[in-house]
Amino acid sequence: MDLATLWFWIVAFFFVGYFVLDGFDFGVGMTLPFLGRDDVSRRQVINTIGPVWDLNETWVIVAGAVLFASFPEWYASLFSGFYLPLLVILLALILRGVSFEYRHQREDAAWRRRFDRMIVIGSAVPALLWGVAFGNIVQGVALDASHVFVGGLLSLLNPYALLVGVATLLLFFLHGACFVALKADGRVRQDARMLVRVAAVPTILVAGVSVAWTVGIAAGRSAPLFAGVVGTGALAALLLLAAVMLSARSRDGWAFAAGAASVLSVVVMLFAALFPYVLPSTLADANSLTIANASSTPYTLQIMTWTAVIAMPLILAYQAWTYWVFRKRVTRASIEAAPVH
């Protein structure tokens, strides 16, 4: 494996980390209207991710930085062509972060309800648009000979990309409900398990259709990793079913692990379907960006590889330590005993 291919999979690794970790953050935010029967319940739901949501969000910053350094052509074409959707994602993430910090700053129910709505919006919009973005990356966009995106905004809202967007929205929703069931207690925990069962059918159906469509795209492109696309797609479906069944049996830890593994499998499937391209062109194959023509110089990749060897274990160790420190369940009694401010 050459260094450019290695860094393609390192980029995939960081997006896997981001979608698995911030994915359940998005899901928790989207479950707020269904699990927050009163202010104590809403605080309990929010506090399940309170210590970790900002750490989870940094994965997308690292993923973007790695993408810029290892594949500058990919980064330039992607961020110029997808400028408006990515800007909306950024604004939604800011809205969500501000809401987490400000909802408890006043003893006013209307004030808190407004910020709770912003948490839901700030979670649902990125969950949808990230799927739309990756759907377009896998399917391909209108790139000219200079690798410039020449399609309009509406061209990004095509059926396949929207389907992948809805699939990620539902998958993150279910993933978040599993996390709340793992981290909360009492009525919130019971409601979260019920929510997993309610979301199971639409999530499985939409995710199944999107996986089948992705396999079709990979087959039409004669993808070198076609067997991997089929395998990871099937594995994602099986793990999703396992998460639902484990949740129904009150095995919350295993249900969350299966949901996380399902998200992981979906992201790997998308990157396997994309390989060896990084951004295919729908106008002409010669206009497509590939791992070979979009990567940085070998010397740059060599320096980055040594940096990654040192930095990545530290990142993973710090992430694991953080989750270990905040491993305890968020109980209703602890929320009732804690001051609001």
# chains A, B, ... in the order shown; residues from 1 in each chain; ligands from 1
$ residues_around --residues "stretch 112-123 of chain A" --least-positions-apart "3" --cutoff "7 Å" --atoms "only C-alpha atoms" --output "PyMOL selection string"
chain A and resi 26+29-30+32+92-93+95-96+99+103-104+108-109+126-127
$ write_last_selection --atoms "N, CA and C atoms" --output "compact mmCIF listing (two decimals), in the first residue's frame"
# COMPACT_ATOMS: atom_id res chain seq x y z
N PHE A 26 -25.69 13.73 17.99
CA PHE A 26 -26.81 14.20 17.17
C PHE A 26 -28.09 13.45 17.56
N GLY A 29 -29.57 14.65 20.83
CA GLY A 29 -30.24 15.93 20.63
C GLY A 29 -31.59 15.78 19.97
N MET A 30 -31.67 14.88 18.99
CA MET A 30 -32.94 14.68 18.28
C MET A 30 -33.99 13.97 19.13
N LEU A 32 -34.60 14.59 22.22
CA LEU A 32 -35.02 15.45 23.32
C LEU A 32 -36.54 15.67 23.37
N ALA A 92 -25.26 25.13 12.17
CA ALA A 92 -26.07 24.26 13.02
C ALA A 92 -25.27 23.77 14.21
N LEU A 93 -23.99 23.42 13.99
CA LEU A 93 -23.14 22.97 15.09
C LEU A 93 -22.91 24.09 16.10
N LEU A 95 -25.01 26.59 16.62
CA LEU A 95 -26.30 26.75 17.29
C LEU A 95 -26.48 25.73 18.40
N ARG A 96 -26.10 24.49 18.12
CA ARG A 96 -26.23 23.43 19.11
C ARG A 96 -25.32 23.68 20.30
N SER A 99 -26.53 26.48 22.48
CA SER A 99 -27.74 26.08 23.22
C SER A 99 -27.38 25.25 24.45
N ARG A 103 -28.83 27.30 27.76
CA ARG A 103 -30.21 26.95 28.15
C ARG A 103 -30.44 27.05 29.66
N HIS A 104 -29.39 26.87 30.46
CA HIS A 104 -29.55 26.87 31.91
C HIS A 104 -29.17 28.21 32.54
N ASP A 108 -36.19 30.46 33.42
CA ASP A 108 -37.33 30.83 32.58
C ASP A 108 -37.65 29.65 31.67
N ALA A 109 -38.84 29.08 31.82
CA ALA A 109 -39.21 27.90 31.05
C ALA A 109 -39.22 28.19 29.55
N PRO A 126 -27.22 18.73 10.81
CA PRO A 126 -25.96 18.07 10.42
C PRO A 126 -26.14 16.58 10.14
N ALA A 127 -26.99 15.91 10.92
CA ALA A 127 -27.22 14.48 10.70
C ALA A 127 -27.74 14.22 9.30
$ closest_atom_pairs --of "stretch 116-180 of chain A" --to "stretch 254-259 of chain A" --cutoff "6 Å" --atoms "only C-alpha atoms" --output "CSV"
residue,atom,partner,partner_atom,distance
A:His175,CA,A:Gly259,CA,5.6
A:Cys178,CA,A:Phe256,CA,5.2
A:Phe179,CA,A:Phe256,CA,5.9
$ write_last_selection --atoms "N, CA and C atoms" --output "PDB file, in the first residue's frame"
ATOM      1  N   HIS A 175     -29.080   5.486  17.167  1.00  0.00           N
ATOM      2  CA  HIS A 175     -27.802   5.393  17.885  1.00  0.00           C
ATOM      3  C   HIS A 175     -27.854   6.237  19.162  1.00  0.00           C
ATOM      4  N   CYS A 178     -30.099   4.628  21.841  1.00  0.00           N
ATOM      5  CA  CYS A 178     -29.359   3.551  22.522  1.00  0.00           C
ATOM      6  C   CYS A 178     -28.412   4.115  23.572  1.00  0.00           C
ATOM      7  N   PHE A 179     -27.791   5.244  23.256  1.00  0.00           N
ATOM      8  CA  PHE A 179     -26.856   5.852  24.207  1.00  0.00           C
ATOM      9  C   PHE A 179     -27.590   6.371  25.440  1.00  0.00           C
TER      10      PHE A 179
END
$ select_by_dssp --residues "stretch 56-289 of chain A" --states "alpha helix (DSSP H)" --output "NGL selection string"
:A and (56-70 or 72-81 or 83-102 or 109-139 or 153-156 or 159-183 or 186-220 or 226-248 or 252-274)
$ closest_residue --among "A:Leu225, A:Met1, A:Leu289, A:Leu163" --to "A:Gly131" --atoms "only C-alpha atoms"
A:Leu163
$ residues_around --residues "A:Ile204" --least-positions-apart "6" --cutoff "9 Å" --atoms "only C-alpha atoms" --output "mmCIF file with N, CA and C atoms, in the first residue's frame"
data_model
loop_
_atom_site.group_PDB
_atom_site.id
_atom_site.type_symbol
_atom_site.label_atom_id
_atom_site.label_comp_id
_atom_site.auth_asym_id
_atom_site.auth_seq_id
_atom_site.Cartn_x
_atom_site.Cartn_y
_atom_site.Cartn_z
ATOM 1 N N ALA A 167 -31.106 8.330 5.737
ATOM 2 C CA ALA A 167 -30.580 7.135 6.402
ATOM 3 C C ALA A 167 -29.660 7.512 7.563
ATOM 4 N N LEU A 170 -31.808 8.921 10.498
ATOM 5 C CA LEU A 170 -32.481 7.880 11.271
ATOM 6 C C LEU A 170 -31.493 7.004 12.042
ATOM 7 N N LEU A 171 -30.365 6.706 11.405
ATOM 8 C CA LEU A 171 -29.365 5.864 12.064
ATOM 9 C C LEU A 171 -28.790 6.558 13.290
ATOM 10 N N ALA A 237 -26.164 -3.839 8.156
ATOM 11 C CA ALA A 237 -27.573 -4.216 8.334
ATOM 12 C C ALA A 237 -27.745 -5.202 9.485
ATOM 13 N N LEU A 240 -27.250 -3.450 12.810
ATOM 14 C CA LEU A 240 -28.400 -2.606 13.137
ATOM 15 C C LEU A 240 -29.534 -3.446 13.720
ATOM 16 N N LEU A 241 -29.804 -4.581 13.096
ATOM 17 C CA LEU A 241 -30.811 -5.503 13.631
ATOM 18 C C LEU A 241 -30.427 -5.985 15.026
#
$ closest_residue --among "A:Leu3, A:Ala12, A:Ala292, A:Val62" --to "A:Met312" --atoms "only C-alpha atoms"
A:Val62
$ select_by_dssp --residues "stretch 92-204 of chain A" --states "strand (DSSP E or B)" --output "ChimeraX atom specification"
/A:141,143,149,184
$ closest_residue --among "A:Leu143, A:Leu246, A:Val28, A:Ala177" --to "A:Leu279" --atoms "only C-alpha atoms"
A:Leu143
$ closest_residue --among "A:Trp59, A:Phe173, A:Phe8, A:Phe226" --to "A:Gln319" --atoms "only C-alpha atoms"
A:Trp59
$ closest_residue --among "A:Val150, A:Ala145, A:Val206, A:Leu314" --to "A:Ala284" --atoms "only C-alpha atoms"
A:Ala145
$ atom_distance --atom1 "atom CA of A:Val278" --atom2 "atom CA of A:Trp74"
6.6 Å
$ atom_distance --atom1 "atom CA of A:Arg43" --atom2 "atom CA of A:Ala333"
11.6 Å
$ atom_distance --atom1 "atom CA of A:Thr297" --atom2 "atom CA of A:Arg221"
27.1 Å
$ residues_around --residues "A:Asp54" --least-positions-apart "2" --cutoff "12 Å" --atoms "only C-alpha atoms" --output "count of residues only"
24
$ residues_around --residues "stretch 280-283 of chain A" --least-positions-apart "6" --cutoff "9 Å" --atoms "only C-alpha atoms" --output "ChimeraX atom specification"
/A:137-144,147,149,274,289-290
$ write_last_selection --atoms "C-alpha atoms" --output "mmCIF file, in the first residue's frame"
data_model
loop_
_atom_site.group_PDB
_atom_site.id
_atom_site.type_symbol
_atom_site.label_atom_id
_atom_site.label_comp_id
_atom_site.auth_asym_id
_atom_site.auth_seq_id
_atom_site.Cartn_x
_atom_site.Cartn_y
_atom_site.Cartn_z
ATOM 1 C CA ILE A 137 -19.179 12.249 -2.866
ATOM 2 C CA VAL A 138 -19.810 8.559 -3.521
ATOM 3 C CA GLN A 139 -22.161 9.075 -6.477
ATOM 4 C CA GLY A 140 -20.053 11.832 -8.030
ATOM 5 C CA VAL A 141 -20.663 15.468 -8.902
ATOM 6 C CA ALA A 142 -20.246 17.687 -11.945
ATOM 7 C CA LEU A 143 -16.500 18.416 -12.070
ATOM 8 C CA ASP A 144 -14.954 20.079 -15.109
ATOM 9 C CA HIS A 147 -11.703 19.803 -11.031
ATOM 10 C CA PHE A 149 -17.654 21.918 -9.349
ATOM 11 C CA LEU A 274 -15.578 5.489 -3.447
ATOM 12 C CA LEU A 289 -10.293 13.221 -8.660
ATOM 13 C CA THR A 290 -8.551 10.032 -7.612
#
$ closest_residue --among "A:Val230, A:Ser334, A:Ala273, A:Tyr323" --to "A:Leu55" --atoms "only C-alpha atoms"
A:Tyr323
$ residues_around --residues "A:Ile303" --least-positions-apart "4" --cutoff "12 Å" --atoms "only C-alpha atoms" --output "PDB file with C-alpha atoms, in the first residue's frame"
ATOM      1  CA  LEU A   3       1.287   6.412   1.249  1.00  0.00           C
ATOM      2  CA  TRP A   7      -3.892   8.387   3.940  1.00  0.00           C
ATOM      3  CA  ALA A  69      -2.950  18.231   4.273  1.00  0.00           C
ATOM      4  CA  SER A  70      -3.124  14.852   2.532  1.00  0.00           C
ATOM      5  CA  SER A 296       0.028  15.645  -1.596  1.00  0.00           C
ATOM      6  CA  THR A 297       3.630  14.931  -2.499  1.00  0.00           C
ATOM      7  CA  PRO A 298       5.232  11.733  -1.168  1.00  0.00           C
ATOM      8  CA  TYR A 299       7.528  13.775   1.080  1.00  0.00           C
ATOM      9  CA  THR A 307       3.322  12.652  12.887  1.00  0.00           C
ATOM     10  CA  ALA A 308       0.298  10.355  12.888  1.00  0.00           C
ATOM     11  CA  VAL A 309       2.287   7.499  14.428  1.00  0.00           C
ATOM     12  CA  ILE A 310       3.000   9.763  17.410  1.00  0.00           C
TER      13      ILE A 310
END
$ decode --residues "stretch 69-201 of chain A" --atoms "C-alpha atoms" --output "PDB file, in the first residue's frame"
ATOM      1  CA  ALA A  69      -2.950  18.231   4.273  1.00  0.00           C
ATOM      2  CA  SER A  70      -3.124  14.852   2.532  1.00  0.00           C
ATOM      3  CA  PHE A  71      -5.501  15.586  -0.375  1.00  0.00           C
ATOM      4  CA  PRO A  72      -5.458  19.332  -1.096  1.00  0.00           C
ATOM      5  CA  GLU A  73      -7.169  18.932  -4.489  1.00  0.00           C
ATOM      6  CA  TRP A  74      -9.984  16.926  -2.912  1.00  0.00           C
ATOM      7  CA  TYR A  75     -10.316  19.495  -0.127  1.00  0.00           C
ATOM      8  CA  ALA A  76     -10.409  22.429  -2.563  1.00  0.00           C
ATOM      9  CA  SER A  77     -13.010  20.897  -4.886  1.00  0.00           C
ATOM     10  CA  LEU A  78     -15.126  19.591  -2.023  1.00  0.00           C
ATOM     11  CA  PHE A  79     -15.242  22.736   0.078  1.00  0.00           C
ATOM     12  CA  SER A  80     -15.803  25.055  -2.890  1.00  0.00           C
ATOM     13  CA  GLY A  81     -18.514  22.891  -4.440  1.00  0.00           C
ATOM     14  CA  PHE A  82     -20.227  22.036  -1.154  1.00  0.00           C
ATOM     15  CA  TYR A  83     -19.711  25.462   0.381  1.00  0.00           C
ATOM     16  CA  LEU A  84     -23.347  26.243   1.234  1.00  0.00           C
ATOM     17  CA  PRO A  85     -24.272  22.822   2.739  1.00  0.00           C
ATOM     18  CA  LEU A  86     -21.060  22.771   4.785  1.00  0.00           C
ATOM     19  CA  LEU A  87     -21.735  26.332   5.959  1.00  0.00           C
ATOM     20  CA  VAL A  88     -25.216  25.291   7.079  1.00  0.00           C
ATOM     21  CA  ILE A  89     -23.687  22.337   8.958  1.00  0.00           C
ATOM     22  CA  LEU A  90     -21.217  24.686  10.662  1.00  0.00           C
ATOM     23  CA  LEU A  91     -23.964  27.128  11.681  1.00  0.00           C
ATOM     24  CA  ALA A  92     -26.072  24.261  13.023  1.00  0.00           C
ATOM     25  CA  LEU A  93     -23.135  22.972  15.093  1.00  0.00           C
ATOM     26  CA  ILE A  94     -22.590  26.473  16.497  1.00  0.00           C
ATOM     27  CA  LEU A  95     -26.301  26.752  17.287  1.00  0.00           C
ATOM     28  CA  ARG A  96     -26.234  23.430  19.109  1.00  0.00           C
ATOM     29  CA  GLY A  97     -23.098  24.274  21.105  1.00  0.00           C
ATOM     30  CA  VAL A  98     -24.446  27.674  22.152  1.00  0.00           C
ATOM     31  CA  SER A  99     -27.735  26.081  23.224  1.00  0.00           C
ATOM     32  CA  PHE A 100     -25.984  23.551  25.473  1.00  0.00           C
ATOM     33  CA  GLU A 101     -24.198  26.380  27.255  1.00  0.00           C
ATOM     34  CA  TYR A 102     -27.015  28.938  27.474  1.00  0.00           C
ATOM     35  CA  ARG A 103     -30.208  26.955  28.150  1.00  0.00           C
ATOM     36  CA  HIS A 104     -29.548  26.871  31.908  1.00  0.00           C
ATOM     37  CA  GLN A 105     -28.519  30.512  32.272  1.00  0.00           C
ATOM     38  CA  ARG A 106     -31.997  31.779  33.176  1.00  0.00           C
ATOM     39  CA  GLU A 107     -34.821  30.502  35.400  1.00  0.00           C
ATOM     40  CA  ASP A 108     -37.330  30.833  32.580  1.00  0.00           C
ATOM     41  CA  ALA A 109     -39.205  27.895  31.047  1.00  0.00           C
ATOM     42  CA  ALA A 110     -39.777  29.708  27.731  1.00  0.00           C
ATOM     43  CA  TRP A 111     -36.047  30.529  27.518  1.00  0.00           C
ATOM     44  CA  ARG A 112     -35.144  26.868  27.985  1.00  0.00           C
ATOM     45  CA  ARG A 113     -37.749  25.664  25.480  1.00  0.00           C
ATOM     46  CA  ARG A 114     -36.271  27.931  22.797  1.00  0.00           C
ATOM     47  CA  PHE A 115     -32.784  26.559  23.362  1.00  0.00           C
ATOM     48  CA  ASP A 116     -34.119  23.011  23.490  1.00  0.00           C
ATOM     49  CA  ARG A 117     -35.634  23.532  20.030  1.00  0.00           C
ATOM     50  CA  MET A 118     -32.287  24.850  18.813  1.00  0.00           C
ATOM     51  CA  ILE A 119     -30.561  21.730  20.176  1.00  0.00           C
ATOM     52  CA  VAL A 120     -32.964  19.576  18.151  1.00  0.00           C
ATOM     53  CA  ILE A 121     -32.451  21.652  14.985  1.00  0.00           C
ATOM     54  CA  GLY A 122     -28.689  21.843  15.532  1.00  0.00           C
ATOM     55  CA  SER A 123     -28.581  18.053  15.794  1.00  0.00           C
ATOM     56  CA  ALA A 124     -30.972  17.082  12.986  1.00  0.00           C
ATOM     57  CA  VAL A 125     -29.568  19.394  10.300  1.00  0.00           C
ATOM     58  CA  PRO A 126     -25.960  18.072  10.419  1.00  0.00           C
ATOM     59  CA  ALA A 127     -27.218  14.476  10.704  1.00  0.00           C
ATOM     60  CA  LEU A 128     -29.140  14.968   7.444  1.00  0.00           C
ATOM     61  CA  LEU A 129     -26.639  17.107   5.535  1.00  0.00           C
ATOM     62  CA  TRP A 130     -23.581  14.972   6.308  1.00  0.00           C
ATOM     63  CA  GLY A 131     -25.385  12.071   4.695  1.00  0.00           C
ATOM     64  CA  VAL A 132     -26.333  14.226   1.693  1.00  0.00           C
ATOM     65  CA  ALA A 133     -22.703  15.337   1.354  1.00  0.00           C
ATOM     66  CA  PHE A 134     -21.287  11.805   1.461  1.00  0.00           C
ATOM     67  CA  GLY A 135     -23.998  10.558  -0.875  1.00  0.00           C
ATOM     68  CA  ASN A 136     -22.839  13.097  -3.454  1.00  0.00           C
ATOM     69  CA  ILE A 137     -19.179  12.249  -2.866  1.00  0.00           C
ATOM     70  CA  VAL A 138     -19.810   8.559  -3.521  1.00  0.00           C
ATOM     71  CA  GLN A 139     -22.161   9.075  -6.477  1.00  0.00           C
ATOM     72  CA  GLY A 140     -20.053  11.832  -8.030  1.00  0.00           C
ATOM     73  CA  VAL A 141     -20.663  15.468  -8.902  1.00  0.00           C
ATOM     74  CA  ALA A 142     -20.246  17.687 -11.945  1.00  0.00           C
ATOM     75  CA  LEU A 143     -16.500  18.416 -12.070  1.00  0.00           C
ATOM     76  CA  ASP A 144     -14.954  20.079 -15.109  1.00  0.00           C
ATOM     77  CA  ALA A 145     -11.455  19.416 -16.447  1.00  0.00           C
ATOM     78  CA  SER A 146      -9.979  21.763 -13.822  1.00  0.00           C
ATOM     79  CA  HIS A 147     -11.703  19.803 -11.031  1.00  0.00           C
ATOM     80  CA  VAL A 148     -14.074  22.692 -10.364  1.00  0.00           C
ATOM     81  CA  PHE A 149     -17.654  21.918  -9.349  1.00  0.00           C
ATOM     82  CA  VAL A 150     -19.958  23.343 -12.018  1.00  0.00           C
ATOM     83  CA  GLY A 151     -23.279  21.956 -10.795  1.00  0.00           C
ATOM     84  CA  GLY A 152     -25.818  24.008  -8.891  1.00  0.00           C
ATOM     85  CA  LEU A 153     -27.095  23.549  -5.355  1.00  0.00           C
ATOM     86  CA  LEU A 154     -30.141  21.639  -6.596  1.00  0.00           C
ATOM     87  CA  SER A 155     -27.894  19.067  -8.258  1.00  0.00           C
ATOM     88  CA  LEU A 156     -26.672  18.105  -4.784  1.00  0.00           C
ATOM     89  CA  LEU A 157     -30.259  17.420  -3.697  1.00  0.00           C
ATOM     90  CA  ASN A 158     -30.597  14.330  -5.871  1.00  0.00           C
ATOM     91  CA  PRO A 159     -32.570  11.221  -4.853  1.00  0.00           C
ATOM     92  CA  TYR A 160     -29.592   9.077  -3.837  1.00  0.00           C
ATOM     93  CA  ALA A 161     -27.926  11.795  -1.745  1.00  0.00           C
ATOM     94  CA  LEU A 162     -31.208  12.655  -0.023  1.00  0.00           C
ATOM     95  CA  LEU A 163     -31.808   8.963   0.697  1.00  0.00           C
ATOM     96  CA  VAL A 164     -28.369   8.646   2.299  1.00  0.00           C
ATOM     97  CA  GLY A 165     -29.118  11.826   4.272  1.00  0.00           C
ATOM     98  CA  VAL A 166     -32.371  10.423   5.638  1.00  0.00           C
ATOM     99  CA  ALA A 167     -30.580   7.135   6.402  1.00  0.00           C
ATOM    100  CA  THR A 168     -27.884   8.889   8.460  1.00  0.00           C
ATOM    101  CA  LEU A 169     -30.545  10.987  10.202  1.00  0.00           C
ATOM    102  CA  LEU A 170     -32.481   7.880  11.271  1.00  0.00           C
ATOM    103  CA  LEU A 171     -29.365   5.864  12.064  1.00  0.00           C
ATOM    104  CA  PHE A 172     -27.985   8.593  14.330  1.00  0.00           C
ATOM    105  CA  PHE A 173     -31.398   8.985  15.957  1.00  0.00           C
ATOM    106  CA  LEU A 174     -31.479   5.287  16.860  1.00  0.00           C
ATOM    107  CA  HIS A 175     -27.802   5.393  17.885  1.00  0.00           C
ATOM    108  CA  GLY A 176     -28.556   8.305  20.235  1.00  0.00           C
ATOM    109  CA  ALA A 177     -31.568   6.567  21.760  1.00  0.00           C
ATOM    110  CA  CYS A 178     -29.359   3.551  22.522  1.00  0.00           C
ATOM    111  CA  PHE A 179     -26.856   5.852  24.207  1.00  0.00           C
ATOM    112  CA  VAL A 180     -29.518   7.493  26.379  1.00  0.00           C
ATOM    113  CA  ALA A 181     -30.767   4.045  27.421  1.00  0.00           C
ATOM    114  CA  LEU A 182     -27.200   3.152  28.387  1.00  0.00           C
ATOM    115  CA  LYS A 183     -26.488   6.350  30.331  1.00  0.00           C
ATOM    116  CA  ALA A 184     -29.820   7.307  31.941  1.00  0.00           C
ATOM    117  CA  ASP A 185     -32.095   5.638  34.458  1.00  0.00           C
ATOM    118  CA  GLY A 186     -35.753   5.525  35.382  1.00  0.00           C
ATOM    119  CA  ARG A 187     -38.464   6.692  33.007  1.00  0.00           C
ATOM    120  CA  VAL A 188     -35.979   8.264  30.567  1.00  0.00           C
ATOM    121  CA  ARG A 189     -34.205   4.931  30.171  1.00  0.00           C
ATOM    122  CA  GLN A 190     -37.481   3.081  29.584  1.00  0.00           C
ATOM    123  CA  ASP A 191     -38.663   5.688  27.071  1.00  0.00           C
ATOM    124  CA  ALA A 192     -35.329   5.504  25.236  1.00  0.00           C
ATOM    125  CA  ARG A 193     -35.710   1.739  24.822  1.00  0.00           C
ATOM    126  CA  MET A 194     -39.232   2.247  23.501  1.00  0.00           C
ATOM    127  CA  LEU A 195     -37.932   4.895  21.100  1.00  0.00           C
ATOM    128  CA  VAL A 196     -35.402   2.400  19.709  1.00  0.00           C
ATOM    129  CA  ARG A 197     -38.246   0.005  18.927  1.00  0.00           C
ATOM    130  CA  VAL A 198     -40.349   2.750  17.307  1.00  0.00           C
ATOM    131  CA  ALA A 199     -37.433   3.980  15.159  1.00  0.00           C
ATOM    132  CA  ALA A 200     -36.293   0.478  14.212  1.00  0.00           C
ATOM    133  CA  VAL A 201     -38.582  -0.201  11.238  1.00  0.00           C
TER     134      VAL A 201
END
